[in-house]
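Participant: So here's model_2.pdb (PDB, C-alpha atoms).
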```
ATOM      1  CA  MET A   1      25.567 143.260  94.544
ATOM      2  CA  LYS A   2      26.113 139.655  93.431
ATOM      3  CA  ASP A   3      27.802 140.597  90.168
ATOM      4  CA  GLY A   4      31.455 141.546  90.085
ATOM      5  CA  LEU A   5      34.533 140.868  92.147
ATOM      6  CA  HIS A   6      34.195 141.487  95.877
ATOM      7  CA  VAL A   7      37.136 142.422  98.112
ATOM      8  CA  ILE A   8      36.740 142.730 101.890
ATOM      9  CA  PHE A   9      38.814 144.802 104.308
ATOM     10  CA  GLY A  10      38.440 145.198 108.058
ATOM     11  CA  ALA A  11      39.626 148.502 109.499
ATOM     12  CA  ASP A  12      39.663 150.607 112.624
ATOM     13  CA  ARG A  13      41.381 153.944 113.183
ATOM     14  CA  ASN A  14      44.733 152.278 113.913
ATOM     15  CA  VAL A  15      45.166 151.036 110.333
ATOM     16  CA  ILE A  16      43.807 153.835 108.129
ATOM     17  CA  PRO A  17      47.094 154.417 106.199
ATOM     18  CA  GLY A  18      47.328 150.698 105.500
ATOM     19  CA  LEU A  19      43.740 150.622 104.248
ATOM     20  CA  HIS A  20      44.435 153.411 101.739
ATOM     21  CA  VAL A  21      47.560 151.694 100.420
ATOM     22  CA  ALA A  22      46.068 148.197 100.247
ATOM     23  CA  ALA A  23      42.881 149.292  98.460
ATOM     24  CA  LEU A  24      44.792 151.521  96.046
ATOM     25  CA  SER A  25      47.220 148.730  95.134
ATOM     26  CA  VAL A  26      44.330 146.368  94.383
ATOM     27  CA  LEU A  27      42.487 148.949  92.270
ATOM     28  CA  LEU A  28      45.580 149.889  90.260
ATOM     29  CA  SER A  29      46.318 146.219  89.553
ATOM     30  CA  HIS A  30      42.781 145.310  88.479
ATOM     31  CA  ILE A  31      42.854 144.632  84.721
ATOM     32  CA  ASN A  32      39.536 143.104  83.659
ATOM     33  CA  LYS A  33      37.263 146.163  83.633
ATOM     34  CA  GLU A  34      34.325 143.994  82.544
ATOM     35  CA  LEU A  35      34.471 142.483  86.032
ATOM     36  CA  SER A  36      33.425 145.318  88.323
ATOM     37  CA  LEU A  37      35.474 145.707  91.496
ATOM     38  CA  HIS A  38      33.495 146.040  94.731
ATOM     39  CA  PHE A  39      35.295 147.061  97.908
ATOM     40  CA  HIS A  40      33.643 146.333 101.245
ATOM     41  CA  VAL A  41      35.078 147.967 104.352
ATOM     42  CA  PHE A  42      33.932 146.574 107.681
ATOM     43  CA  THR A  43      34.508 149.049 110.472
ATOM     44  CA  ASP A  44      33.212 150.077 113.862
ATOM     45  CA  ALA A  45      35.226 153.278 114.124
ATOM     46  CA  LEU A  46      35.958 155.039 110.824
ATOM     47  CA  THR A  47      34.215 158.401 110.556
ATOM     48  CA  THR A  48      32.402 159.919 107.607
ATOM     49  CA  GLU A  49      35.454 162.111 107.045
ATOM     50  CA  ASP A  50      37.779 159.091 107.099
ATOM     51  CA  LEU A  51      35.680 157.387 104.441
ATOM     52  CA  SER A  52      35.466 160.548 102.330
ATOM     53  CA  VAL A  53      39.269 160.729 102.234
ATOM     54  CA  LEU A  54      39.433 157.057 101.236
ATOM     55  CA  ARG A  55      37.064 157.730  98.341
ATOM     56  CA  LYS A  56      39.308 160.588  97.201
ATOM     57  CA  THR A  57      42.283 158.206  97.155
ATOM     58  CA  LEU A  58      40.401 155.704  95.003
ATOM     59  CA  ASP A  59      38.808 158.358  92.776
ATOM     60  CA  GLY A  60      42.281 159.706  92.028
ATOM     61  CA  THR A  61      43.061 156.573  90.008
ATOM     62  CA  HIS A  62      40.182 157.274  87.577
ATOM     63  CA  HIS A  63      39.533 153.528  87.657
ATOM     64  CA  PRO A  64      35.941 152.305  88.160
ATOM     65  CA  TYR A  65      35.061 150.772  91.522
ATOM     66  CA  VAL A  66      32.256 150.440  94.044
ATOM     67  CA  LEU A  67      32.849 151.129  97.744
ATOM     68  CA  GLU A  68      30.433 149.870 100.386
ATOM     69  CA  ILE A  69      30.791 150.514 104.095
ATOM     70  CA  HIS A  70      29.503 148.034 106.655
ATOM     71  CA  ARG A  71      29.164 149.110 110.262
ATOM     72  CA  ALA A  72      30.443 146.104 112.148
ATOM     73  CA  ASP A  73      28.741 145.187 115.373
ATOM     74  CA  ALA A  74      31.841 144.696 117.471
ATOM     75  CA  SER A  75      29.806 143.987 120.613
ATOM     76  CA  MET A  76      29.821 140.265 119.857
ATOM     77  CA  LEU A  77      33.627 140.345 119.872
ATOM     78  CA  ARG A  78      34.185 142.325 123.076
ATOM     79  CA  GLU A  79      34.815 139.241 125.164
ATOM     80  CA  TYR A  80      37.726 138.223 122.943
ATOM     81  CA  PRO A  81      41.197 139.716 123.461
ATOM     82  CA  LEU A  82      42.437 142.251 120.922
ATOM     83  CA  LEU A  83      45.636 141.795 118.942
ATOM     84  CA  ARG A  84      47.909 144.811 119.480
ATOM     85  CA  ASP A  85      44.947 146.950 120.524
ATOM     86  CA  SER A  86      42.995 146.241 117.335
ATOM     87  CA  GLY A  87      39.982 144.065 116.729
ATOM     88  CA  ALA A  88      39.739 144.816 113.004
ATOM     89  CA  ALA A  89      40.942 141.369 111.954
ATOM     90  CA  PHE A  90      37.919 139.809 113.682
ATOM     91  CA  PHE A  91      35.680 141.485 111.119
ATOM     92  CA  ARG A  92      36.661 138.829 108.573
ATOM     93  CA  LEU A  93      34.507 136.437 110.602
ATOM     94  CA  LEU A  94      31.504 138.755 110.270
ATOM     95  CA  ALA A  95      31.751 139.312 106.507
ATOM     96  CA  PRO A  96      30.086 136.039 105.375
ATOM     97  CA  GLN A  97      26.992 136.958 107.403
ATOM     98  CA  VAL A  98      26.622 140.286 105.598
ATOM     99  CA  ILE A  99      27.972 139.912 102.054
ATOM    100  CA  THR A 100      25.499 138.366  99.612
ATOM    101  CA  ALA A 101      27.974 137.614  96.814
ATOM    102  CA  ASP A 102      28.622 133.951  96.081
ATOM    103  CA  ARG A 103      32.304 134.354  96.894
ATOM    104  CA  PHE A 104      34.650 137.066  98.115
ATOM    105  CA  ILE A 105      38.303 137.812  98.778
ATOM    106  CA  TYR A 106      39.367 139.004 102.211
ATOM    107  CA  LEU A 107      42.641 140.938 102.484
ATOM    108  CA  ASP A 108      44.473 142.267 105.515
ATOM    109  CA  VAL A 109      45.350 145.937 105.139
ATOM    110  CA  ASP A 110      49.093 145.249 105.515
ATOM    111  CA  ILE A 111      49.435 144.063 101.912
ATOM    112  CA  LEU A 112      50.639 145.401  98.571
ATOM    113  CA  CYS A 113      48.953 143.890  95.536
ATOM    114  CA  TYR A 114      51.202 143.366  92.521
ATOM    115  CA  LEU A 115      48.857 141.040  90.648
ATOM    116  CA  ALA A 116      45.540 141.368  88.845
ATOM    117  CA  ILE A 117      43.198 140.441  91.680
ATOM    118  CA  GLU A 118      41.003 138.455  89.285
ATOM    119  CA  GLU A 119      43.780 135.840  89.177
ATOM    120  CA  LEU A 120      42.914 134.978  92.760
ATOM    121  CA  TRP A 121      39.186 135.456  92.268
ATOM    122  CA  GLU A 122      38.942 132.860  89.496
ATOM    123  CA  ILE A 123      40.631 129.996  91.395
ATOM    124  CA  ASP A 124      38.618 126.784  91.707
ATOM    125  CA  LEU A 125      38.292 125.976  95.416
ATOM    126  CA  GLN A 126      37.517 122.347  94.526
ATOM    127  CA  GLY A 127      34.642 122.110  96.949
ATOM    128  CA  CYS A 128      36.456 123.660  99.921
ATOM    129  CA  VAL A 129      35.019 126.442 102.080
ATOM    130  CA  ALA A 130      37.995 128.742 101.527
ATOM    131  CA  GLY A 131      41.481 129.009 100.124
ATOM    132  CA  PHE A 132      44.578 130.122 102.026
ATOM    133  CA  VAL A 133      48.354 130.074 101.739
ATOM    134  CA  PRO A 134      50.085 127.881 104.349
ATOM    135  CA  GLU A 135      52.894 129.498 106.320
ATOM    136  CA  ALA A 136      54.162 126.424 108.177
ATOM    137  CA  THR A 137      52.918 123.150 109.578
ATOM    138  CA  ILE A 138      50.760 123.241 112.690
ATOM    139  CA  GLN A 139      53.493 121.710 114.829
ATOM    140  CA  SER A 140      56.238 124.011 113.506
ATOM    141  CA  SER A 141      54.173 127.213 113.491
ATOM    142  CA  ALA A 142      54.508 130.113 115.907
ATOM    143  CA  ASP A 143      51.056 129.159 117.198
ATOM    144  CA  SER A 144      52.516 126.815 119.789
ATOM    145  CA  ALA A 145      49.450 126.968 122.026
ATOM    146  CA  LEU A 146      47.233 125.589 119.253
ATOM    147  CA  ALA A 147      49.783 122.873 118.481
ATOM    148  CA  ASP A 148      49.824 121.835 122.143
ATOM    149  CA  PHE A 149      46.031 121.961 122.308
ATOM    150  CA  LEU A 150      45.693 119.639 119.313
ATOM    151  CA  GLY A 151      48.468 117.318 120.446
ATOM    152  CA  LYS A 152      51.591 116.119 118.655
ATOM    153  CA  SER A 153      49.663 113.494 116.720
ATOM    154  CA  VAL A 154      47.778 116.234 114.845
ATOM    155  CA  ASP A 155      49.689 118.060 112.133
ATOM    156  CA  GLY A 156      49.205 119.465 108.665
ATOM    157  CA  PRO A 157      49.550 122.879 107.044
ATOM    158  CA  TYR A 158      48.973 125.987 109.170
ATOM    159  CA  LEU A 159      47.083 128.690 107.253
ATOM    160  CA  ASN A 160      47.761 132.415 107.253
ATOM    161  CA  SER A 161      44.410 134.211 107.297
ATOM    162  CA  GLY A 162      45.657 137.516 105.835
ATOM    163  CA  VAL A 163      44.462 136.473 102.378
ATOM    164  CA  MET A 164      41.283 134.413 102.046
ATOM    165  CA  LEU A 165      39.219 133.329  99.054
ATOM    166  CA  VAL A 166      35.824 132.335 100.452
ATOM    167  CA  ASP A 167      32.857 130.356  99.155
ATOM    168  CA  ARG A 168      30.207 132.182 101.159
ATOM    169  CA  HIS A 169      27.488 129.547 100.780
ATOM    170  CA  ALA A 170      29.775 126.756 101.992
ATOM    171  CA  TRP A 171      30.998 128.959 104.861
ATOM    172  CA  GLN A 172      27.446 129.662 105.988
ATOM    173  CA  THR A 173      26.287 126.065 105.544
ATOM    174  CA  GLN A 174      29.144 124.788 107.697
ATOM    175  CA  GLN A 175      28.659 127.594 110.257
ATOM    176  CA  ILE A 176      32.319 128.550 110.199
ATOM    177  CA  THR A 177      31.811 131.899 111.957
ATOM    178  CA  GLU A 178      29.811 130.326 114.779
ATOM    179  CA  ARG A 179      32.341 127.522 115.222
ATOM    180  CA  CYS A 180      35.246 129.977 115.283
ATOM    181  CA  LEU A 181      33.549 132.105 117.939
ATOM    182  CA  GLU A 182      32.846 128.993 119.958
ATOM    183  CA  TYR A 183      36.520 128.033 119.781
ATOM    184  CA  LEU A 184      37.581 131.538 120.802
ATOM    185  CA  SER A 185      35.438 131.236 123.910
ATOM    186  CA  HIS A 186      37.478 128.358 125.308
ATOM    187  CA  GLY A 187      40.467 127.445 123.128
ATOM    188  CA  PRO A 188      43.970 128.951 123.092
ATOM    189  CA  ALA A 189      44.151 131.789 120.568
ATOM    190  CA  MET A 190      47.624 133.299 120.363
ATOM    191  CA  PHE A 191      46.714 134.658 116.940
ATOM    192  CA  ARG A 192      43.043 135.236 117.694
ATOM    193  CA  ASP A 193      40.775 134.502 114.715
ATOM    194  CA  GLN A 194      43.654 132.924 112.761
ATOM    195  CA  SER A 195      44.077 130.357 115.536
ATOM    196  CA  ALA A 196      40.334 129.696 115.449
ATOM    197  CA  LEU A 197      40.294 129.237 111.664
ATOM    198  CA  ASN A 198      43.193 126.799 111.867
ATOM    199  CA  TYR A 199      41.333 124.779 114.474
ATOM    200  CA  VAL A 200      37.950 124.783 112.739
ATOM    201  CA  LEU A 201      39.175 124.314 109.149
ATOM    202  CA  ARG A 202      42.167 122.044 109.739
ATOM    203  CA  GLY A 203      42.584 119.638 106.852
ATOM    204  CA  SER A 204      39.611 120.997 104.899
ATOM    205  CA  TRP A 205      40.819 124.148 103.166
ATOM    206  CA  HIS A 206      42.243 124.668  99.689
ATOM    207  CA  GLN A 207      45.928 125.528  99.487
ATOM    208  CA  LEU A 208      46.699 128.564  97.327
ATOM    209  CA  GLU A 209      50.005 129.258  95.616
ATOM    210  CA  THR A 210      52.525 131.069  97.799
ATOM    211  CA  ARG A 211      52.439 134.107  95.517
ATOM    212  CA  PHE A 212      48.931 134.971  96.701
ATOM    213  CA  ASN A 213      50.217 135.638 100.213
ATOM    214  CA  TYR A 214      53.915 136.342  99.804
ATOM    215  CA  ILE A 215      55.312 136.987 103.260
ATOM    216  CA  ALA A 216      57.723 139.903 103.157
ATOM    217  CA  ASN A 217      59.295 139.146 106.516
ATOM    218  CA  TRP A 218      60.720 135.812 105.406
ATOM    219  CA  ARG A 219      64.306 136.295 104.293
ATOM    220  CA  ARG A 220      63.993 133.507 101.758
ATOM    221  CA  ASN A 221      61.641 135.835  99.858
ATOM    222  CA  TRP A 222      64.094 138.744  99.789
ATOM    223  CA  PRO A 223      65.478 137.904  96.297
ATOM    224  CA  SER A 224      62.006 138.649  94.875
ATOM    225  CA  MET A 225      61.886 141.992  96.667
ATOM    226  CA  ILE A 226      64.989 143.565  95.166
ATOM    227  CA  SER A 227      62.900 145.183  92.425
ATOM    228  CA  VAL A 228      59.229 145.799  91.707
ATOM    229  CA  ASP A 229      59.479 143.730  88.528
ATOM    230  CA  ARG A 230      60.222 140.640  90.602
ATOM    231  CA  LEU A 231      57.116 141.250  92.697
ATOM    232  CA  LYS A 232      54.737 141.143  89.740
ATOM    233  CA  GLY A 233      52.188 138.377  90.137
ATOM    234  CA  LYS A 234      52.339 138.461  93.933
ATOM    235  CA  ILE A 235      50.465 139.858  96.929
ATOM    236  CA  LEU A 236      53.131 141.050  99.359
ATOM    237  CA  HIS A 237      52.146 140.696 103.016
ATOM    238  CA  PHE A 238      53.859 142.487 105.924
ATOM    239  CA  VAL A 239      52.885 140.022 108.625
ATOM    240  CA  ASP A 240      55.120 141.128 111.488
ATOM    241  CA  HIS A 241      54.971 144.051 113.893
ATOM    242  CA  PRO A 242      55.650 146.934 113.499
ATOM    243  CA  LYS A 243      53.699 147.709 110.344
ATOM    244  CA  PRO A 244      55.043 150.315 107.898
ATOM    245  CA  TRP A 245      52.642 152.924 109.303
ATOM    246  CA  ASP A 246      53.379 152.181 112.968
ATOM    247  CA  LEU A 247      55.377 154.487 115.192
ATOM    248  CA  PHE A 248      58.936 154.885 113.799
ATOM    249  CA  GLY A 249      58.012 152.739 110.769
ATOM    250  CA  GLU A 250      59.799 155.183 108.467
ATOM    251  CA  TRP A 251      63.114 154.279 110.083
ATOM    252  CA  VAL A 252      62.779 150.662 111.181
ATOM    253  CA  HIS A 253      60.528 148.805 108.737
ATOM    254  CA  PRO A 254      62.620 146.771 106.244
ATOM    255  CA  ASN A 255      60.272 147.450 103.309
ATOM    256  CA  TYR A 256      59.048 150.925 104.141
ATOM    257  CA  GLN A 257      60.094 152.368 100.775
ATOM    258  CA  LEU A 258      58.008 149.806  98.875
ATOM    259  CA  TRP A 259      54.983 150.690 100.982
ATOM    260  CA  ARG A 260      55.739 154.406 100.706
ATOM    261  CA  SER A 261      55.731 154.170  96.891
ATOM    262  CA  PHE A 262      51.971 153.547  97.107
ATOM    263  CA  LEU A 263      51.324 155.855 100.056
ATOM    264  CA  LYS A 264      52.549 158.854  98.061
ATOM    265  CA  LEU A 265      49.766 158.171  95.520
ATOM    266  CA  THR A 266      47.053 158.423  98.190
ATOM    267  CA  GLU A 267      45.358 161.308  99.956
ATOM    268  CA  MET A 268      47.518 160.374 102.958
ATOM    269  CA  ARG A 269      50.752 161.111 101.128
ATOM    270  CA  ASP A 270      51.843 163.522 103.905
ATOM    271  CA  TYR A 271      51.288 160.929 106.625
ATOM    272  CA  HIS A 272      54.092 160.472 109.144
ATOM    273  CA  SER A 273      53.928 158.024 112.035
ATOM    274  CA  LEU A 274      54.858 160.767 114.504
ATOM    275  CA  HIS A 275      51.646 162.571 113.544
ATOM    276  CA  ARG A 276      49.441 159.778 114.826
ATOM    277  CA  VAL A 277      47.297 160.788 117.765
ATOM    278  CA  ALA A 278      47.153 157.160 118.809
ATOM    279  CA  ALA A 279      50.877 156.547 118.354
ATOM    280  CA  ARG A 280      52.677 155.489 121.486
ATOM    281  CA  LEU A 281      55.868 153.762 122.456
ATOM    282  CA  PRO A 282      55.886 149.963 122.541
ATOM    283  CA  HIS A 283      54.746 149.001 126.005
ATOM    284  CA  THR A 284      55.737 145.339 126.189
ATOM    285  CA  LEU A 285      59.033 143.503 125.956
ATOM    286  CA  ALA A 286      57.699 141.550 122.980
ATOM    287  CA  SER A 287      56.959 144.797 121.135
ATOM    288  CA  TRP A 288      60.442 146.136 121.762
ATOM    289  CA  ARG A 289      61.887 142.876 120.470
ATOM    290  CA  SER A 290      59.776 143.202 117.317
ATOM    291  CA  TYR A 291      61.150 146.678 116.703
ATOM    292  CA  LYS A 292      64.683 145.424 117.277
ATOM    293  CA  LYS A 293      64.192 142.592 114.774
ATOM    294  CA  ALA A 294      62.642 144.962 112.215
ATOM    295  CA  LEU A 295      65.573 147.376 112.451
ATOM    296  CA  LYS A 296      68.058 144.517 112.090
ATOM    297  CA  ASP A 297      66.222 143.225 109.016
ATOM    298  CA  ARG A 298      66.104 146.722 107.544
ATOM    299  CA  LEU A 299      69.872 147.043 107.784
ATOM    300  CA  LEU A 300      70.469 143.549 106.434
ATOM    301  CA  PHE A 301      68.001 143.949 103.564
ATOM    302  CA  HIS A 302      69.530 147.292 102.620
ATOM    303  CA  GLY A 303      72.969 145.685 102.476
ATOM    304  CA  TYR A 304      71.688 142.674 100.557
ATOM    305  CA  ARG A 305      69.792 144.756  97.983
ATOM    306  CA  ARG A 306      72.861 146.888  97.313
ATOM    307  CA  GLY A 307      75.061 143.829  96.925
ATOM    308  CA  LEU A 308      77.098 144.616 100.038
ATOM    309  CA  LEU A 309      76.036 141.422 101.791
ATOM    310  CA  LYS A 310      76.216 138.079 100.014
ATOM    311  CA  ARG A 311      75.456 135.842 102.957
ATOM    312  CA  VAL A 312      72.548 136.462 105.298
ATOM    313  CA  LYS A 313      71.058 133.784 107.533
ATOM    314  CA  GLY A 314      67.763 132.603 106.070
ATOM    315  CA  LEU A 315      68.522 133.544 102.476
ATOM    316  CA  PRO A 316      68.405 130.695  99.915
TER     317      PRO A 316
END
```
Show me the file's structure as structure tokens.
Facilitator:
Amino acid sequence: MKDGLHVIFGADRNVIPGLHVAALSVLLSHINKELSLHFHVFTDALTTEDLSVLRKTLDGTHHPYVLEIHRADASMLREYPLLRDSGAAFFRLLAPQVITADRFIYLDVDILCYLAIEELWEIDLQGCVAGFVPEATIQSSADSALADFLGKSVDGPYLNSGVMLVDRHAWQTQQITERCLEYLSHGPAMFRDQSALNYVLRGSWHQLETRFNYIANWRRNWPSMISVDRLKGKILHFVDHPKPWDLFGEWVHPNYQLWRSFLKLTEMRDYHSLHRVAARLPHTLASWRSYKKALKDRLLFHGYRRGLLKRVKGLP
């Protein structure tokens, strides 16, 4: 268990297509076969059939891997609000209490991996508990409630928790999970566990290169997304809502075709968002606004990629 490279995912039934695509992209990009690749899926809802289909997706690559399933005890998280009806992201806080490897990589399922994952694995954390890519400063981030809670005198980089490189021993020694759960019980948490991690780890985490968590939704990154060749060496992260697999994702998500290029290699190649039993129309104004923004970005990105638009707000 301790040998090899360990990659963690958290998943419930709302994100199964994303899980297939994310895991497949990591496995296909893994180069150093002497370093065995161990996938760990933390879930409280995936069925035996769901996991069997996932294995078929990974087996289809003919690349070696190990897949371990961990039944997450979500009862300890029930008092905390879900993010868009999913608690899967909280499972990243449970992983250090279960995994016995010295270190591990956590990845959100809304990623595409275009780099050999060992590049991230081998980074020296320089004594820090974990490594993350910053997405803003605390005071300029979308997490305004945390910024207000800390006060204007407190600033520094604001981490995105979608990609984490973790020193498990340091995490356990400093009781990061317990401290995050304590914060969630009383502090503002617009972005749930990400807000908690920013509060607990502020100023004490290792900053990773941007390429390890390359945010697709930022227009300044669009020049690198014109072709797959430009994405090599990066982990692309679809941070906004809707996700490519969400209802109407085929028509509104700006980067659906990139995501679809991996989906068609999985056992879920015939997946369509309208087939989802759980699919439903956005039920809040914020959700409708997210869909509106996604559709606008899809049209703009399409025009930019084809050379029809030279000037788009936010582009370098």
Participant: Have a look at A:Leu58, A:Ala89, A:Met190, A:Ile31 and name the one nearest to Ala147 of chain A; count only C-alpha atoms.
Facilitator: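 Distance minimum relative to Ala147 of chain A lands on A:Met190.
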Participant: List, as JSON, numbers by chain, every residue that the PyMOL selection byres ((chain A and resi 203-209) around 7) selects in the file provided.
Facilitator: {"A": [125, 128, 129, 130, 131, 132, 133, 134, 156, 201, 202, 210, 211, 212]}
Participant: Could you check how far atom CA of Leu107 of chain A sits from atom CA of Tyr291 of chain A, in Å to one decimal?
Facilitator: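 Between atom CA of Leu107 of chain A and atom CA of Tyr291 of chain A the gap is 24.0 Å.
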Participant: If I take atom CA of Tyr256 of chain A and atom CA of Pro244 of chain A, how far is one from the other in Å, to one decimal?
Facilitator: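 Atom CA of Pro244 of chain A lies at a distance of 5.5 Å from atom CA of Tyr256 of chain A.
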Participant: Set the distance at 7 Å and use only C-alpha atoms: which residues neighbour Val41 of chain A once local chain neighbours fewer than 6 positions away are removed? I'd like the list as a list in words.
Facilitator: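 With the cut-off at 7 Å, the set is Ile8, Phe9, Gly10, Ala11, Glu68, Ile69 and His70 of chain A.
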Participant: Using only C-alpha atoms, which protein or nucleic acid residues come within 6 Å of Leu115 of chain A? Drop anything in the same chain fewer than 4 positions from it, and give the result as JSON, numbers by chain.
Facilitator: {"A": [29, 232, 233, 234]}
Participant: Have a look at atom CA of Ser153 of chain A and atom CA of Leu197 of chain A and let me know their distance in Å, one decimal.
Facilitator: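 So the two atoms, atom CA of Ser153 of chain A and atom CA of Leu197 of chain A, lie 19.0 Å apart.
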Participant: Which residue out of A:Tyr183, A:Tyr199, A:Tyr271, A:Phe104 has the minimum interatomic distance to Pro157 of chain A when only C-alpha atoms are used?
Facilitator: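 Of all the options, A:Tyr199 lies closest to Pro157 of chain A.
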Participant: Taking (34.6, 150.0, 97.7) in the file's coordinates as the center, which residues reach within 6 Å of it, counting all atoms listed in the file, put as a list in words?
Facilitator: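 Every residue inside that radius is included here: His38, Phe39, His40, Val66, Leu67 and Glu68 of chain A.
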Participant: Okay, now the selection with C-alpha atoms, as a short mmCIF file (atom, residue, chain, number, x, y, z; two decimals), in the coordinates of the input?
Facilitator:
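File produced: again-v7.cif:
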```cif
data_model
loop_
_atom_site.label_atom_id
_atom_site.label_comp_id
_atom_site.auth_asym_id
_atom_site.auth_seq_id
_atom_site.Cartn_x
_atom_site.Cartn_y
_atom_site.Cartn_z
CA HIS A 38 33.49 146.04 94.73
CA PHE A 39 35.30 147.06 97.91
CA HIS A 40 33.64 146.33 101.24
CA VAL A 66 32.26 150.44 94.04
CA LEU A 67 32.85 151.13 97.74
CA GLU A 68 30.43 149.87 100.39
#
```
Participant: Taking the file as I've supplied it (selection: the PyMOL selection byres ((chain A and resi 15-28) around 9)), which residues are included? Please answer as number ranges by chain.
Facilitator: A: 7, 9-14, 29-31, 37, 39, 46, 50, 53-54, 57-58, 61, 63-65, 86, 88, 107-117, 243-246, 259-260, 262-263, 265-268, 271
Participant: Those residues you just picked out, can you put them in a file as a PDB file, in the frame of the given file with C-alpha atoms?
Facilitator:
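Writing the result to out39.pdb gives the following:
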```pdb
ATOM      1  CA  VAL A   7      37.136 142.422  98.112  1.00  0.00           C
ATOM      2  CA  PHE A   9      38.814 144.802 104.308  1.00  0.00           C
ATOM      3  CA  GLY A  10      38.440 145.198 108.058  1.00  0.00           C
ATOM      4  CA  ALA A  11      39.626 148.502 109.499  1.00  0.00           C
ATOM      5  CA  ASP A  12      39.663 150.607 112.624  1.00  0.00           C
ATOM      6  CA  ARG A  13      41.381 153.944 113.183  1.00  0.00           C
ATOM      7  CA  ASN A  14      44.733 152.278 113.913  1.00  0.00           C
ATOM      8  CA  SER A  29      46.318 146.219  89.553  1.00  0.00           C
ATOM      9  CA  HIS A  30      42.781 145.310  88.479  1.00  0.00           C
ATOM     10  CA  ILE A  31      42.854 144.632  84.721  1.00  0.00           C
ATOM     11  CA  LEU A  37      35.474 145.707  91.496  1.00  0.00           C
ATOM     12  CA  PHE A  39      35.295 147.061  97.908  1.00  0.00           C
ATOM     13  CA  LEU A  46      35.958 155.039 110.824  1.00  0.00           C
ATOM     14  CA  ASP A  50      37.779 159.091 107.099  1.00  0.00           C
ATOM     15  CA  VAL A  53      39.269 160.729 102.234  1.00  0.00           C
ATOM     16  CA  LEU A  54      39.433 157.057 101.236  1.00  0.00           C
ATOM     17  CA  THR A  57      42.283 158.206  97.155  1.00  0.00           C
ATOM     18  CA  LEU A  58      40.401 155.704  95.003  1.00  0.00           C
ATOM     19  CA  THR A  61      43.061 156.573  90.008  1.00  0.00           C
ATOM     20  CA  HIS A  63      39.533 153.528  87.657  1.00  0.00           C
ATOM     21  CA  PRO A  64      35.941 152.305  88.160  1.00  0.00           C
ATOM     22  CA  TYR A  65      35.061 150.772  91.522  1.00  0.00           C
ATOM     23  CA  SER A  86      42.995 146.241 117.335  1.00  0.00           C
ATOM     24  CA  ALA A  88      39.739 144.816 113.004  1.00  0.00           C
ATOM     25  CA  LEU A 107      42.641 140.938 102.484  1.00  0.00           C
ATOM     26  CA  ASP A 108      44.473 142.267 105.515  1.00  0.00           C
ATOM     27  CA  VAL A 109      45.350 145.937 105.139  1.00  0.00           C
ATOM     28  CA  ASP A 110      49.093 145.249 105.515  1.00  0.00           C
ATOM     29  CA  ILE A 111      49.435 144.063 101.912  1.00  0.00           C
ATOM     30  CA  LEU A 112      50.639 145.401  98.571  1.00  0.00           C
ATOM     31  CA  CYS A 113      48.953 143.890  95.536  1.00  0.00           C
ATOM     32  CA  TYR A 114      51.202 143.366  92.521  1.00  0.00           C
ATOM     33  CA  LEU A 115      48.857 141.040  90.648  1.00  0.00           C
ATOM     34  CA  ALA A 116      45.540 141.368  88.845  1.00  0.00           C
ATOM     35  CA  ILE A 117      43.198 140.441  91.680  1.00  0.00           C
ATOM     36  CA  LYS A 243      53.699 147.709 110.344  1.00  0.00           C
ATOM     37  CA  PRO A 244      55.043 150.315 107.898  1.00  0.00           C
ATOM     38  CA  TRP A 245      52.642 152.924 109.303  1.00  0.00           C
ATOM     39  CA  ASP A 246      53.379 152.181 112.968  1.00  0.00           C
ATOM     40  CA  TRP A 259      54.983 150.690 100.982  1.00  0.00           C
ATOM     41  CA  ARG A 260      55.739 154.406 100.706  1.00  0.00           C
ATOM     42  CA  PHE A 262      51.971 153.547  97.107  1.00  0.00           C
ATOM     43  CA  LEU A 263      51.324 155.855 100.056  1.00  0.00           C
ATOM     44  CA  LEU A 265      49.766 158.171  95.520  1.00  0.00           C
ATOM     45  CA  THR A 266      47.053 158.423  98.190  1.00  0.00           C
ATOM     46  CA  GLU A 267      45.358 161.308  99.956  1.00  0.00           C
ATOM     47  CA  MET A 268      47.518 160.374 102.958  1.00  0.00           C
ATOM     48  CA  TYR A 271      51.288 160.929 106.625  1.00  0.00           C
TER      49      TYR A 271
END
```
Participant: Given only C-alpha atoms as the basis, pick out the residue of A:Asp44, A:Asp59, A:Asp3, A:Glu178 nearest to Thr100 of chain A.
Facilitator: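 Of A:Asp44, A:Asp59, A:Asp3, A:Glu178, the one nearest Thr100 of chain A is A:Asp3, counting only C-alpha atoms.
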Participant: Pick out the closest residue to Arg311 of chain A from this set: A:Phe91, A:Gly127, A:Glu49, A:Arg219. Count only C-alpha atoms.
Facilitator: A:Arg219
Participant: Pick out the residues sitting within 12 Å of Arg306 of chain A, and hand them over as a PyMOL selection string; count all atoms listed in the file, and ignore anything fewer than 5 positions along from it in its own chain.
Facilitator: chain A and resi 223+226-227+299-301
Participant: Print the selection's residues with C-alpha atoms to a file, as a PDB file, in the frame of the given file.
Facilitator:
```
ATOM      1  CA  PRO A 223      65.478 137.904  96.297  1.00  0.00           C
ATOM      2  CA  ILE A 226      64.989 143.565  95.166  1.00  0.00           C
ATOM      3  CA  SER A 227      62.900 145.183  92.425  1.00  0.00           C
ATOM      4  CA  LEU A 299      69.872 147.043 107.784  1.00  0.00           C
ATOM      5  CA  LEU A 300      70.469 143.549 106.434  1.00  0.00           C
ATOM      6  CA  PHE A 301      68.001 143.949 103.564  1.00  0.00           C
TER       7      PHE A 301
END
```
